[in-house]
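Below is one structure, written out as structure tokens; comments come after it.
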Amino acid sequence: MNTASPPADVAEGLAFHYASGGGLTRADLTLDTATMTAVEGPSGSGKSTLLALLGLLLSPTDGSLRIAGTDTGSLSSADRDLLRRRSIGIVLQDLGLLTFLNAWENVAAAFGPRLARHRAAARDLLGELGMEQLADSPVSELSGGQRQRVAVARAAVKEPVLILADEPTSGLDPATANSVMVSLRSCARRGAAVLLVTHDRAVAERCDERHVLDAGVLSAASKELG
Ligand SMILES: Nc1ncnc2c1ncn2[C@@H]1O[C@H](COP(=O)(O)OP(=O)(O)OP(=O)(O)O)[C@@H](O)[C@H]1O
């Protein structure tokens with residue numbers, strides 16, 4: 001971990017209340033660069049809401065959020081979009097890959113429509129994530145784990161300070177889940193703060209920091225949890 005760098009993300013008293021009454025009651029969280037952090041929690045505890053807040057996809061009803069040194073509370077919607085595009089990579093559960101493009105084109109698409117300009121960066125990163133041989137494959141022909149790694153590469157290729165991953169190993173067999181975790185670790189080694197939400201204790205245990213969400217309240221995982 002690079003302790004000289006300021007945190008990628010600091011949330012204080014972050015909260016979001018849906019009209020239904022559900023949501024996120026309180027999250028205090030610091031995400032350091034080059035570090036993997038897990039948030040565990042049962043269904044309905046607020047994991048997706050937290051991820052959407054950290055990804056600037058939702059605006060908090062309370063609390064503050066600083067990303068890459070910028071206080072997001074005072075930003076216009078255009079500036080929030082800009083900060084998201086520059087500083088955050090998101091791997092959603094529904095990966096949102098473009099099925100008519102191949103693997104490297106999907107990664108390059110993170111930069112915009114001029115795919116060929118970013119061919120080298122996209123292929124290099126896929127190579128780092130163990131996907132060199134599959135860079136030219138249509139994503140429709142890739143396995144679930146391979147697609148997940150393409151989505152990780154797409155989130156990471158612009159070298160965001162923060163990478164958010166929603167259940168990145170969900171539905172994968174242990175070997176494939178391992179390859180996805182290795183890919184996320186590789187992103188952290190490149191300097192990103194990586195946050196993943198998971199139901200899977202074994203996945204959380206591979207992270208440097210662990211937090212638990214319970215009924216909308218985030219707290220540090222106690223060491224005796226393992
Ligand atoms: N769009 C919405 N409108 C109203 N309530 C919502 C909405 N999305 C989520 N909620 C409520 O907010 C709470 C937290 O939901 P959230 O999806 O963040 O939980 P989660 O931990 O991600 O669940 P899961 O693991 O099942 O995806 C739940 O009580 C849920 O019913």
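Just remember, in the structure tokens the first chain shown is A, the second B, etc., residues are 1-based per chain, and ligands are 1-based in the order shown.
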Extract, using only C-alpha atoms, all DNA, RNA and protein residues at most 9 Å from A:Ser183, discarding same-chain residues fewer than 5 positions from it, and format them as a list in words.
->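 Result of the neighbour search: Glu128, Leu129, Gly130, Arg149, Val152, Ala153, Asn178 and Ala188 of chain A.
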Those selected residues, please, written with C-alpha atoms and delivered as a short mmCIF file (atom, residue, chain, number, x, y, z; two decimals), in the first residue's frame.
```
data_model
loop_
_atom_site.label_atom_id
_atom_site.label_comp_id
_atom_site.auth_asym_id
_atom_site.auth_seq_id
_atom_site.Cartn_x
_atom_site.Cartn_y
_atom_site.Cartn_z
CA GLU A 128 -1.97 -8.15 -17.70
CA LEU A 129 -5.26 -9.73 -16.65
CA GLY A 130 -4.42 -13.02 -18.38
CA ARG A 149 -12.35 -9.82 -16.58
CA VAL A 152 -12.71 -5.26 -14.93
CA ALA A 153 -10.30 -4.17 -17.67
CA ASN A 178 -9.93 -16.59 -8.37
CA ALA A 188 -4.96 -2.28 -6.94
#
```
For A:Val10, please output as a PyMOL selection string all residues within 7 Å (counting only C-alpha atoms; exclusion window: fewer than 4 positions along the same chain).
-> chain A and resi 29-31+65-67
Export of the given selection (C-alpha atoms) as an mmCIF file, in the first residue's frame:
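Resulting contents of result-v2.cif:
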```cif
data_model
loop_
_atom_site.group_PDB
_atom_site.id
_atom_site.type_symbol
_atom_site.label_atom_id
_atom_site.label_comp_id
_atom_site.auth_asym_id
_atom_site.auth_seq_id
_atom_site.Cartn_x
_atom_site.Cartn_y
_atom_site.Cartn_z
ATOM 1 C CA LEU A 29 -15.403 4.870 4.944
ATOM 2 C CA THR A 30 -11.913 5.726 3.774
ATOM 3 C CA LEU A 31 -10.578 3.931 0.719
ATOM 4 C CA LEU A 65 -18.175 12.265 -0.015
ATOM 5 C CA ARG A 66 -14.726 13.268 -1.227
ATOM 6 C CA ILE A 67 -13.277 11.533 -4.277
#
```
Considering only C-alpha atoms and all ligand atoms, give me a table of residues in chain A that are at most 6 Å from ligand 1, with the closest atom pair and distance in Å for each, as a tab-separated table.
```
residue	atom	partner	partner_atom_place_in_ligand_line	distance
A:Tyr18	CA	ligand 1	4 (C)	4.9
A:Ser20	CA	ligand 1	4 (C)	5.0
A:Gly22	CA	ligand 1	12 (O)	3.8
A:Gly23	CA	ligand 1	12 (O)	3.6
A:Pro42	CA	ligand 1	25 (O)	5.8
A:Ser43	CA	ligand 1	25 (O)	3.5
A:Gly44	CA	ligand 1	19 (O)	3.5
A:Ser45	CA	ligand 1	21 (O)	3.9
A:Gly46	CA	ligand 1	18 (O)	3.2
A:Lys47	CA	ligand 1	22 (O)	3.8
A:Ser48	CA	ligand 1	22 (O)	3.6
A:Thr49	CA	ligand 1	18 (O)	3.8
```
For stretch 211-225 of chain A, list every protein, DNA or RNA residue within 6 Å, evaluated using only C-alpha atoms, and leave out those in the same chain fewer than 3 positions away; present the list as a count of residues only.
-> 9
Name the residues of stretch 59-179 of chain A that come out as helix (DSSP H, G or I) in a backbone DSSP run; write them as an MDAnalysis selection string.
-> chainID A and resid 72:74 77:87 103:111 115:128 132:134 139:141 144:156 174:179
Write out as a list in words each polymer residue whose atoms come within 7 Å of A:Leu14, counting only C-alpha atoms; drop sequence neighbours fewer than 3 positions from it.
->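 Once the adjacent positions are removed, what remains is Ala11, Arg26, Ala27, Asp28, Pro60, Asp62, Gly63 and Ser64 of chain A.
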Output N, CA and C atoms for every residue in the selection just made, as a CSV table (one decimal), in the first residue's frame.
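Output (selection.csv):
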```csv
chain,number,residue,atom,x,y,z
A,11,ALA,N,-15.8,8.9,2.8
A,11,ALA,CA,-17.2,9.1,3.0
A,11,ALA,C,-17.4,9.4,4.5
A,26,ARG,N,-26.1,4.9,7.4
A,26,ARG,CA,-24.8,5.6,7.7
A,26,ARG,C,-23.6,4.8,7.2
A,27,ALA,N,-22.7,5.5,6.5
A,27,ALA,CA,-21.4,4.9,6.1
A,27,ALA,C,-20.3,5.9,6.3
A,28,ASP,N,-19.3,5.5,7.1
A,28,ASP,CA,-18.1,6.2,7.2
A,28,ASP,C,-17.0,5.3,6.7
A,60,PRO,N,-26.2,11.7,-2.2
A,60,PRO,CA,-26.6,11.3,-0.8
A,60,PRO,C,-27.7,12.3,-0.3
A,62,ASP,N,-27.7,12.6,3.0
A,62,ASP,CA,-26.9,13.2,4.1
A,62,ASP,C,-25.5,12.8,4.0
A,63,GLY,N,-24.6,13.5,4.7
A,63,GLY,CA,-23.2,13.2,4.7
A,63,GLY,C,-22.4,13.8,3.6
A,64,SER,N,-21.1,13.5,3.6
A,64,SER,CA,-20.2,14.0,2.6
A,64,SER,C,-19.4,12.9,2.0
```
Minimum-distance residue to A:Gln93, chosen among A:Leu164, A:Val182, A:Val194, A:Cys207 (using only C-alpha atoms) |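 Of the candidates, the smallest distance to A:Gln93 is held by A:Leu164.
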